[in-house]
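Chemist: I am sharing run-v9.txt, which consists of compact mmCIF, C-alpha atoms and all ligand atoms:
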```txt
# COMPACT_ATOMS: atom_id res chain seq x y z
CA MET A 171 -62.24 -114.40 -177.98
CA GLN A 172 -63.63 -117.74 -176.98
CA ARG A 173 -64.87 -117.74 -173.46
CA SER A 174 -64.19 -120.74 -171.39
CA LEU A 175 -66.39 -122.64 -169.04
CA HIS A 176 -64.34 -122.29 -165.96
CA SER A 177 -64.62 -123.24 -162.40
CA PRO A 178 -62.56 -122.24 -159.41
CA LYS A 179 -62.57 -125.85 -158.28
CA SER A 180 -62.24 -127.35 -161.70
CA SER A 181 -61.21 -130.93 -162.06
CA HIS A 182 -58.96 -132.07 -164.85
CA THR A 183 -62.00 -133.02 -166.89
CA MET A 184 -63.61 -129.65 -166.37
CA GLU A 185 -60.45 -127.86 -167.46
CA ARG A 186 -60.50 -129.72 -170.70
CA LEU A 187 -64.07 -128.74 -171.44
CA PRO A 188 -63.46 -125.50 -173.35
CA GLY A 189 -61.16 -127.20 -175.80
CA VAL A 190 -63.70 -129.82 -176.71
CA LEU A 191 -66.73 -127.58 -176.69
CA LEU A 192 -67.11 -127.33 -180.44
CA PHE A 193 -66.40 -131.01 -180.78
CA PHE A 194 -69.39 -131.74 -178.57
CA LEU A 195 -71.48 -129.31 -180.55
CA ALA A 196 -70.55 -131.05 -183.75
CA ILE A 197 -71.47 -134.42 -182.27
CA PHE A 198 -74.75 -133.22 -180.82
CA PHE A 199 -76.00 -131.62 -183.95
CA SER A 200 -74.65 -134.06 -186.47
CA THR A 201 -77.00 -136.71 -185.18
CA THR A 202 -80.73 -136.86 -184.98
CA GLN A 203 -80.53 -140.25 -183.35
CA ALA A 204 -80.19 -141.05 -179.71
CA TYR A 205 -78.00 -138.60 -177.86
CA GLU A 206 -77.56 -140.52 -174.66
CA PRO A 207 -74.02 -141.09 -173.47
CA LEU A 208 -72.17 -138.40 -175.43
CA ILE A 209 -71.32 -136.40 -172.35
CA ASN A 210 -70.98 -138.24 -169.12
CA HIS A 211 -71.48 -137.21 -165.59
CA GLN A 212 -69.13 -134.27 -165.55
CA ILE A 213 -71.93 -132.15 -166.95
CA HIS A 214 -75.02 -132.21 -164.88
CA LEU A 215 -77.80 -129.74 -164.36
CA LEU A 216 -78.00 -130.09 -160.64
CA ARG A 217 -74.53 -129.37 -159.35
CA PRO A 218 -75.18 -126.23 -157.43
CA LYS A 219 -72.11 -126.20 -155.23
CA SER A 220 -69.46 -127.91 -157.27
CA GLY A 221 -68.30 -128.60 -160.76
CA ALA A 222 -70.05 -126.34 -163.22
CA GLY A 223 -70.92 -123.56 -160.87
CA GLY A 224 -68.21 -123.64 -158.26
CA SER A 225 -68.83 -122.43 -154.77
CA SER A 226 -68.84 -118.78 -155.81
CA VAL A 227 -71.79 -119.35 -158.09
CA PRO A 228 -75.11 -120.11 -156.45
CA GLY A 229 -76.17 -122.62 -159.06
CA VAL A 230 -79.61 -123.09 -157.59
CA SER A 231 -80.39 -119.45 -158.22
CA CYS A 232 -79.29 -119.78 -161.83
CA LEU A 233 -81.69 -122.67 -162.11
CA SER A 234 -84.39 -120.50 -160.57
CA TRP A 235 -83.51 -117.71 -162.98
CA ARG A 236 -83.89 -120.08 -165.90
CA LEU A 237 -87.22 -121.32 -164.61
CA GLY A 238 -88.36 -117.71 -164.23
CA VAL A 239 -87.33 -117.03 -167.81
CA GLU A 240 -89.05 -120.11 -169.19
CA VAL A 241 -92.37 -119.46 -167.49
CA ARG A 242 -92.20 -115.75 -168.39
CA ASN A 243 -92.01 -114.37 -164.89
CA ILE A 244 -88.74 -112.72 -165.88
CA ILE A 245 -89.20 -110.64 -169.03
CA ASN A 246 -87.42 -107.95 -171.05
CA TRP A 247 -84.00 -109.11 -169.90
CA LYS A 248 -81.00 -108.07 -171.97
CA THR A 249 -78.34 -110.56 -170.96
CA VAL A 250 -77.91 -113.75 -168.98
CA PRO A 251 -76.59 -112.88 -165.50
CA ALA A 252 -72.79 -113.03 -165.69
CA GLN A 253 -72.56 -115.52 -162.83
CA CYS A 254 -74.82 -117.92 -164.79
CA GLU A 255 -72.57 -118.24 -167.83
CA SER A 256 -71.22 -121.62 -166.77
CA TYR A 257 -74.62 -122.80 -165.68
CA VAL A 258 -76.29 -121.87 -168.98
CA GLY A 259 -73.33 -123.25 -170.94
CA HIS A 260 -73.58 -126.60 -169.22
CA TYR A 261 -77.35 -126.64 -169.57
CA MET A 262 -77.14 -125.98 -173.30
CA LEU A 263 -74.28 -128.37 -174.05
CA GLY A 264 -75.22 -131.10 -171.63
CA HIS A 265 -78.13 -133.50 -171.77
CA GLN A 266 -80.76 -131.29 -170.25
CA TYR A 267 -81.42 -128.85 -173.09
CA ARG A 268 -81.93 -131.72 -175.48
CA LYS A 269 -84.09 -133.63 -173.01
CA ASP A 270 -86.22 -130.56 -172.41
CA SER A 271 -86.55 -129.99 -176.15
CA LYS A 272 -87.59 -133.60 -176.64
CA ALA A 273 -90.22 -133.32 -173.92
CA VAL A 274 -91.72 -130.43 -175.87
CA THR A 275 -91.67 -132.03 -179.31
CA ASP A 276 -92.90 -135.37 -177.93
CA VAL A 277 -96.02 -133.78 -176.51
CA ALA A 278 -96.49 -131.75 -179.69
CA TRP A 279 -96.40 -134.95 -181.71
CA LEU A 280 -98.82 -136.77 -179.36
CA TYR A 281 -101.22 -133.89 -179.86
CA ALA A 282 -100.79 -133.73 -183.65
CA LYS A 283 -101.31 -137.40 -184.24
CA SER A 284 -104.41 -137.46 -182.04
CA LEU A 285 -106.18 -135.05 -184.39
CA ASN A 286 -108.68 -136.21 -186.97
CA LEU A 287 -107.50 -133.82 -189.65
CA THR A 288 -109.39 -132.94 -192.77
CA LYS A 289 -107.45 -133.77 -195.90
CA ASP A 290 -108.00 -130.45 -197.64
CA GLY A 291 -104.40 -129.25 -197.40
CA LYS A 292 -105.32 -126.35 -195.13
CA ASN A 293 -103.80 -127.56 -191.87
CA VAL A 294 -100.57 -125.81 -191.04
CA TRP A 295 -98.03 -125.88 -188.26
CA VAL A 296 -96.07 -122.71 -187.58
CA PHE A 297 -92.39 -123.05 -186.77
CA ASP A 298 -90.14 -120.26 -185.61
CA ILE A 299 -86.58 -120.56 -186.97
CA ASP A 300 -83.81 -119.46 -184.59
CA GLU A 301 -83.47 -121.73 -181.53
CA THR A 302 -86.45 -123.70 -182.84
CA THR A 303 -85.79 -125.01 -186.34
CA LEU A 304 -82.13 -124.03 -186.45
CA SER A 305 -79.73 -123.70 -183.54
CA ASN A 306 -77.31 -120.83 -183.08
CA LEU A 307 -75.61 -122.61 -180.21
CA PRO A 308 -72.23 -122.67 -182.00
CA TYR A 309 -72.38 -118.85 -182.09
CA TYR A 310 -73.55 -118.44 -178.51
CA ALA A 311 -70.94 -120.89 -177.25
CA ARG A 312 -68.32 -118.46 -178.55
CA HIS A 313 -70.11 -115.43 -177.13
CA GLY A 314 -70.64 -116.16 -173.47
CA PHE A 315 -73.92 -118.08 -173.71
CA GLY A 316 -76.02 -114.93 -173.70
CA THR A 317 -73.99 -113.05 -171.08
CA GLU A 318 -72.62 -110.69 -173.76
CA VAL A 319 -74.82 -107.87 -175.02
CA TYR A 320 -76.37 -108.78 -178.37
CA ASN A 321 -74.13 -107.68 -181.23
CA SER A 322 -76.15 -107.57 -184.46
CA THR A 323 -73.01 -107.23 -186.59
CA SER A 324 -71.35 -110.38 -185.38
CA PHE A 325 -74.61 -112.31 -185.11
CA ASN A 326 -75.53 -111.45 -188.70
CA GLU A 327 -72.07 -112.51 -189.84
CA TRP A 328 -72.79 -115.90 -188.26
CA VAL A 329 -76.25 -116.12 -189.87
CA LEU A 330 -74.75 -115.32 -193.27
CA GLU A 331 -72.41 -118.29 -192.95
CA GLY A 332 -75.54 -120.42 -193.30
CA THR A 333 -74.13 -123.19 -191.17
CA ALA A 334 -76.54 -123.30 -188.24
CA PRO A 335 -77.33 -126.91 -187.33
CA ALA A 336 -80.88 -128.16 -186.97
CA LEU A 337 -82.31 -128.60 -183.52
CA PRO A 338 -82.71 -132.38 -183.97
CA GLU A 339 -85.93 -132.65 -181.96
CA SER A 340 -87.62 -130.01 -184.10
CA LEU A 341 -86.41 -131.64 -187.30
CA GLN A 342 -87.98 -134.92 -186.23
CA LEU A 343 -91.27 -133.20 -185.42
CA TYR A 344 -91.17 -131.41 -188.78
CA LYS A 345 -90.68 -134.68 -190.66
CA LYS A 346 -93.47 -136.44 -188.79
CA LEU A 347 -95.89 -133.56 -189.32
CA LEU A 348 -95.21 -133.60 -193.06
CA LYS A 349 -95.93 -137.33 -193.17
CA LEU A 350 -99.19 -136.64 -191.37
CA GLY A 351 -100.15 -134.26 -194.18
CA VAL A 352 -99.67 -131.07 -192.19
CA LYS A 353 -98.08 -128.13 -194.01
CA VAL A 354 -95.27 -126.18 -192.46
CA VAL A 355 -95.01 -122.41 -192.32
CA PHE A 356 -91.87 -120.78 -191.01
CA ILE A 357 -92.29 -117.34 -189.46
CA THR A 358 -88.96 -115.82 -188.49
CA GLY A 359 -87.62 -112.57 -187.15
CA ARG A 360 -84.80 -112.83 -189.68
CA GLY A 361 -85.00 -110.10 -192.30
CA GLU A 362 -85.89 -110.44 -195.99
CA ASP A 363 -82.23 -109.79 -196.81
CA GLN A 364 -81.44 -113.12 -195.18
CA ARG A 365 -83.96 -115.11 -197.22
CA SER A 366 -81.54 -116.91 -199.52
CA VAL A 367 -79.01 -117.87 -196.87
CA THR A 368 -81.84 -119.06 -194.65
CA ILE A 369 -83.26 -121.24 -197.43
CA THR A 370 -79.83 -122.72 -198.12
CA ASN A 371 -79.23 -123.35 -194.42
CA LEU A 372 -82.65 -124.98 -193.92
CA LYS A 373 -82.22 -127.28 -196.91
CA ASN A 374 -78.69 -128.26 -195.96
CA VAL A 375 -79.77 -129.52 -192.56
CA GLY A 376 -82.86 -131.43 -193.68
CA TYR A 377 -85.78 -129.02 -193.99
CA HIS A 378 -86.56 -129.55 -197.64
CA THR A 379 -90.07 -128.25 -198.08
CA TRP A 380 -92.54 -125.74 -196.69
CA GLU A 381 -95.72 -123.94 -197.59
CA LYS A 382 -94.39 -120.49 -196.73
CA LEU A 383 -91.26 -118.90 -195.37
CA VAL A 384 -92.21 -115.58 -193.82
CA LEU A 385 -89.33 -113.21 -193.02
CA LYS A 386 -89.63 -109.85 -191.31
CA GLY A 387 -90.19 -107.28 -194.05
CA SER A 388 -89.41 -103.58 -193.84
CA ALA A 389 -93.10 -102.87 -193.13
CA TYR A 390 -92.47 -104.25 -189.65
CA SER A 391 -89.27 -102.39 -188.88
CA GLY A 392 -89.39 -101.10 -185.35
CA LYS A 393 -92.32 -103.40 -184.56
CA THR A 394 -91.95 -106.12 -181.97
CA SER A 395 -91.81 -109.76 -182.88
CA TYR A 396 -95.10 -110.17 -180.99
CA VAL A 397 -96.84 -107.66 -183.31
CA TYR A 398 -95.18 -108.91 -186.48
CA LYS A 399 -95.82 -112.60 -185.87
CA SER A 400 -99.42 -112.04 -184.77
CA ALA A 401 -100.11 -110.06 -187.97
CA GLU A 402 -98.53 -112.73 -190.17
CA ARG A 403 -100.48 -115.52 -188.49
CA GLU A 404 -103.69 -113.56 -188.96
CA LYS A 405 -102.90 -113.28 -192.69
CA LEU A 406 -102.38 -117.02 -192.83
CA GLU A 407 -105.77 -117.66 -191.30
CA LYS A 408 -107.45 -115.09 -193.53
CA SER A 409 -106.02 -116.90 -196.53
CA GLY A 410 -107.81 -120.05 -195.41
CA PHE A 411 -105.21 -121.97 -193.43
CA ARG A 412 -105.90 -123.48 -190.03
CA ILE A 413 -103.02 -123.15 -187.59
CA ILE A 414 -103.31 -126.39 -185.68
CA GLY A 415 -99.99 -125.98 -183.89
CA ASN A 416 -97.30 -123.38 -183.30
CA ILE A 417 -93.83 -123.92 -181.86
CA GLY A 418 -91.14 -121.45 -180.86
CA ASP A 419 -88.49 -120.69 -178.25
CA GLN A 420 -89.79 -117.21 -177.39
CA TRP A 421 -93.08 -116.32 -175.76
CA SER A 422 -93.51 -113.74 -178.52
CA ASP A 423 -93.75 -116.68 -180.95
CA ILE A 424 -96.80 -118.08 -179.21
CA LEU A 425 -98.62 -115.13 -177.63
CA GLY A 426 -100.84 -112.63 -179.42
CA THR A 427 -103.52 -113.31 -182.01
CA SER A 428 -104.14 -116.36 -184.17
CA VAL A 429 -101.66 -118.32 -182.10
CA GLY A 430 -103.03 -121.66 -183.23
CA ASN A 431 -105.00 -124.42 -181.55
CA ARG A 432 -102.05 -125.38 -179.42
CA THR A 433 -98.71 -123.74 -178.73
CA PHE A 434 -95.40 -125.30 -177.70
CA LYS A 435 -92.57 -123.45 -175.98
CA LEU A 436 -89.04 -124.74 -176.48
CA PRO A 437 -86.39 -123.87 -173.91
CA ASP A 438 -84.20 -120.82 -174.49
CA PRO A 439 -82.14 -119.33 -171.66
CA LEU A 440 -79.84 -117.46 -174.12
CA TYR A 441 -81.87 -114.36 -175.04
CA TYR A 442 -85.24 -112.64 -174.82
CA ILE A 443 -87.22 -111.18 -177.73
CA SER A 444 -90.38 -109.16 -177.11
C1 LIG A 501 -112.90 -137.79 -188.79
O1 LIG A 501 -113.42 -136.75 -189.61
C2 LIG A 501 -114.26 -137.21 -190.63
C3 LIG A 501 -114.59 -136.02 -191.54
O2 LIG A 501 -114.53 -134.79 -190.88
C4 LIG A 501 -115.48 -137.85 -190.00
O3 LIG A 501 -116.35 -138.34 -191.01
C5 LIG A 501 -115.03 -139.02 -189.13
O4 LIG A 501 -116.13 -139.58 -188.46
C6 LIG A 501 -114.01 -138.54 -188.11
N1 LIG A 501 -113.46 -139.68 -187.39
C7 LIG A 501 -113.31 -139.71 -186.09
C8 LIG A 501 -112.69 -140.96 -185.52
O5 LIG A 501 -113.65 -138.77 -185.36
C1 LIG A 502 -69.62 -106.44 -182.73
O1 LIG A 502 -69.09 -107.37 -183.64
C2 LIG A 502 -68.25 -106.79 -184.61
C3 LIG A 502 -67.91 -107.88 -185.63
O2 LIG A 502 -67.35 -108.99 -185.01
C4 LIG A 502 -67.03 -106.21 -183.94
O3 LIG A 502 -66.17 -105.62 -184.89
C5 LIG A 502 -67.49 -105.16 -182.95
O4 LIG A 502 -66.39 -104.67 -182.21
C6 LIG A 502 -68.51 -105.74 -181.98
N1 LIG A 502 -69.08 -104.69 -181.16
C7 LIG A 502 -69.03 -104.71 -179.86
C8 LIG A 502 -69.67 -103.56 -179.17
O5 LIG A 502 -68.51 -105.62 -179.23
C1 LIG A 503 -109.06 -125.34 -183.51
O1 LIG A 503 -109.81 -124.34 -182.84
C2 LIG A 503 -110.99 -123.99 -183.54
C3 LIG A 503 -111.59 -122.78 -182.86
O2 LIG A 503 -111.72 -123.02 -181.48
C4 LIG A 503 -111.93 -125.18 -183.58
O3 LIG A 503 -113.11 -124.88 -184.29
C5 LIG A 503 -111.20 -126.34 -184.29
O4 LIG A 503 -111.99 -127.50 -184.26
C6 LIG A 503 -109.87 -126.62 -183.65
N1 LIG A 503 -109.14 -127.56 -184.47
C7 LIG A 503 -108.47 -128.56 -183.96
C8 LIG A 503 -107.72 -129.38 -184.95
O5 LIG A 503 -108.47 -128.81 -182.77
MG MG A 504 -86.61 -118.21 -182.06
```
Translate this file's structure into structure tokens.

Modeler:
Amino acid sequence: MQRSLHSPKSSHTMERLPGVLLFFLAIFFSTTQAYEPLINHQIHLLRPKSGAGGSSVPGVSCLSWRLGVEVRNIINWKTVPAQCESYVGHYMLGHQYRKDSKAVTDVAWLYAKSLNLTKDGKNVWVFDIDETTLSNLPYYARHGFGTEVYNSTSFNEWVLEGTAPALPESLQLYKKLLKLGVKVVFITGRGEDQRSVTITNLKNVGYHTWEKLVLKGSAYSGKTSYVYKSAEREKLEKSGFRIIGNIGDQWSDILGTSVGNRTFKLPDPLYYIS
């Protein structure tokens, strides 16, 4: 069932890409160190007319689509445009996704360390989980990089494996925030029934401690992530915590009420959650 990254004009190197896809994933996510020369020039964001996209794929418009998604001009979309599968695949597996993630967590850290925080244990940072704390890229790499309609059965099977790698940039931010004395609260759209596998997964990849892990309870069934997460952040504030920062890959993580003093949007061209 594995989809390949293909190109009508593929070079030998490009043809070999599908076979080594999971190898690259393993390398990327097994290290939180430098990730520089793991993939060389065969994967590049800006190759609109050759390589990744091929001449039949207007790569520039996939880039524009991604920009539209990231700045929330394009909303409520169900799937990545089919012609952008290769583009999104190369973006996610190449350097750019990691560079973009680092640009986000770097600025988040600059902000956090500039604060003169009170030492009363009430400062919290809210982290989303999927595509923020943990990465489901191994799953999406096998499912068309978001071009396939979301399948809750197969996605939940993947979640229950408990093997999602950390997004290394977020893990670094998490560790530095803890050292600064900031408490971490996870607020995730994952359901209560996935609490134990989520805890196991988080601990296995380096997230060892947190103030709260909020999962979507049955009280919120049918409610959007926007409504659910706003309500849970309000509860946090009512219980005396100050949300100094909030990071997620979806706009619904960082819009609404009690969003926190500053919000940080990680890249995610794979799916949209309202
Ligand atoms: C930091 O906060 C403390 C207590 O709120 C205050 O006494 C101190 O002057 C502040 N320091 C700076 C550099 O703003
Ligand atoms: C969803 O995934 C399940 C489990 O892999 C599979 O049996 C089912 O056919 C999939 N549904 C669709 C519509 O593809
Ligand atoms: C966060 O925002 C509140 C309300 O505007 C403000 O009182 C507080 O000083 C801010 N805290 C930080 C750490 O910037
Ligand atoms: Mg998320």

Chemist: Could you give me, as a Markdown table, a per-residue list for chain A showing, wherever an atom lies at most 12 Å from an atom of ligand LIG 502 (chain A), the closest pair of atoms and their distance in Å to one decimal, using all atoms listed in the file and sorting by chain then residue number from low to high?

Modeler:
```
| residue | atom | partner | partner_atom | distance |
| --- | --- | --- | --- | --- |
| A:Met171 | CA | A:LIG502 | O2 | 10.2 |
| A:Tyr309 | CA | A:LIG502 | O2 | 11.4 |
| A:Arg312 | CA | A:LIG502 | O2 | 11.5 |
| A:His313 | CA | A:LIG502 | O5 | 10.2 |
| A:Glu318 | CA | A:LIG502 | O5 | 8.5 |
| A:Val319 | CA | A:LIG502 | C8 | 7.9 |
| A:Tyr320 | CA | A:LIG502 | C1 | 8.4 |
| A:Asn321 | CA | A:LIG502 | C1 | 4.9 |
| A:Ser322 | CA | A:LIG502 | C1 | 6.8 |
| A:Thr323 | CA | A:LIG502 | O1 | 4.9 |
| A:Ser324 | CA | A:LIG502 | O1 | 4.1 |
| A:Phe325 | CA | A:LIG502 | O1 | 7.6 |
| A:Asn326 | CA | A:LIG502 | C3 | 9.0 |
| A:Glu327 | CA | A:LIG502 | C3 | 7.5 |
| A:Trp328 | CA | A:LIG502 | O2 | 9.4 |
```

Chemist: For CA of Leu350 (chain A) and CA of Ser409 (chain A), quote the distance in Å rounded to one decimal.

Modeler: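 These two atoms are separated by 21.5 Å.
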
Chemist: May I ask you to write as a list of chain:residue names all residues lying at most 8 Å from ligand LIG 501 (chain A), with only C-alpha atoms and all ligand atoms counted?

Modeler: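 For ligand LIG 501 (chain A), the residues inside 8 Å are A:Asn286, A:Leu287, A:Thr288.
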
Chemist: What are the centre and edge lengths in Å, to one decimal, of the axis-aligned box around all listed atoms of region 330-346 of chain A with 3 Å added on each side, as AutoDock Vina command-line options?

Modeler:
```
--center_x -82.9 --center_y -125.9 --center_z -187.6 --size_x 27.1 --size_y 27.1 --size_z 17.3
```

Chemist: Interatomic distance between CA of Ala401 (chain A) and CA of Ile414 (chain A)?

Modeler: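 It comes out at 16.8 Å.
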
Chemist: Return as an mmCIF file with C-alpha atoms, in the coordinates of the input every polymer residue, whether protein, DNA or RNA, with at least one atom no more than 9 Å from an atom of ligand MG 504 (chain A); count all atoms listed in the file.

Modeler:
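This is the output file selection-v2.cif:
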```cif
data_model
loop_
_atom_site.group_PDB
_atom_site.id
_atom_site.type_symbol
_atom_site.label_atom_id
_atom_site.label_comp_id
_atom_site.auth_asym_id
_atom_site.auth_seq_id
_atom_site.Cartn_x
_atom_site.Cartn_y
_atom_site.Cartn_z
ATOM 1 C CA PHE A 297 -92.390 -123.050 -186.770
ATOM 2 C CA ASP A 298 -90.140 -120.260 -185.610
ATOM 3 C CA ILE A 299 -86.580 -120.560 -186.970
ATOM 4 C CA ASP A 300 -83.810 -119.460 -184.590
ATOM 5 C CA GLU A 301 -83.470 -121.730 -181.530
ATOM 6 C CA THR A 302 -86.450 -123.700 -182.840
ATOM 7 C CA THR A 303 -85.790 -125.010 -186.340
ATOM 8 C CA LEU A 304 -82.130 -124.030 -186.450
ATOM 9 C CA SER A 305 -79.730 -123.700 -183.540
ATOM 10 C CA THR A 358 -88.960 -115.820 -188.490
ATOM 11 C CA GLY A 359 -87.620 -112.570 -187.150
ATOM 12 C CA GLY A 418 -91.140 -121.450 -180.860
ATOM 13 C CA ASP A 419 -88.490 -120.690 -178.250
ATOM 14 C CA GLN A 420 -89.790 -117.210 -177.390
ATOM 15 C CA SER A 422 -93.510 -113.740 -178.520
ATOM 16 C CA ASP A 423 -93.750 -116.680 -180.950
ATOM 17 C CA LEU A 436 -89.040 -124.740 -176.480
ATOM 18 C CA ASP A 438 -84.200 -120.820 -174.490
ATOM 19 C CA ILE A 443 -87.220 -111.180 -177.730
#
```

Chemist: Write out as a tab-separated table the residues of chain A that have any atom within 10 Å of an atom of ligand LIG 503 (chain A), one row each with the nearest atom pair and its distance in Å to one decimal, counting all atoms listed in the file, sorted by chain and then rising number.

Modeler:
```
residue	atom	partner	partner_atom	distance
A:Tyr281	CA	A:LIG503	O5	9.3
A:Ala282	CA	A:LIG503	C8	8.3
A:Ser284	CA	A:LIG503	C8	9.2
A:Leu285	CA	A:LIG503	C8	5.9
A:Asn286	CA	A:LIG503	C8	7.2
A:Leu287	CA	A:LIG503	C8	6.5
A:Thr288	CA	A:LIG503	C8	8.8
A:Asn293	CA	A:LIG503	C8	8.2
A:Arg412	CA	A:LIG503	C1	7.5
A:Ile413	CA	A:LIG503	C1	7.6
A:Ile414	CA	A:LIG503	C8	5.4
A:Gly415	CA	A:LIG503	C8	8.5
A:Ser428	CA	A:LIG503	O1	9.9
A:Gly430	CA	A:LIG503	C1	7.1
A:Asn431	CA	A:LIG503	C1	4.6
A:Arg432	CA	A:LIG503	O5	8.0
```

Chemist: Give the answer as one residue: which of A:Thr275, A:Thr333, A:Ser444, A:Thr433 has the shortest atom-to-atom distance to Asn371 (chain A), using only C-alpha atoms?

Modeler: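 The answer is A:Thr333, which sits nearest to Asn371 (chain A).
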
Chemist: Could you jot down the CA of Val329 (chain A) to CA of Val296 (chain A) separation for me, Å, one decimal place?

Modeler: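 Going from CA of Val329 (chain A) over to CA of Val296 (chain A) covers 21.0 Å.
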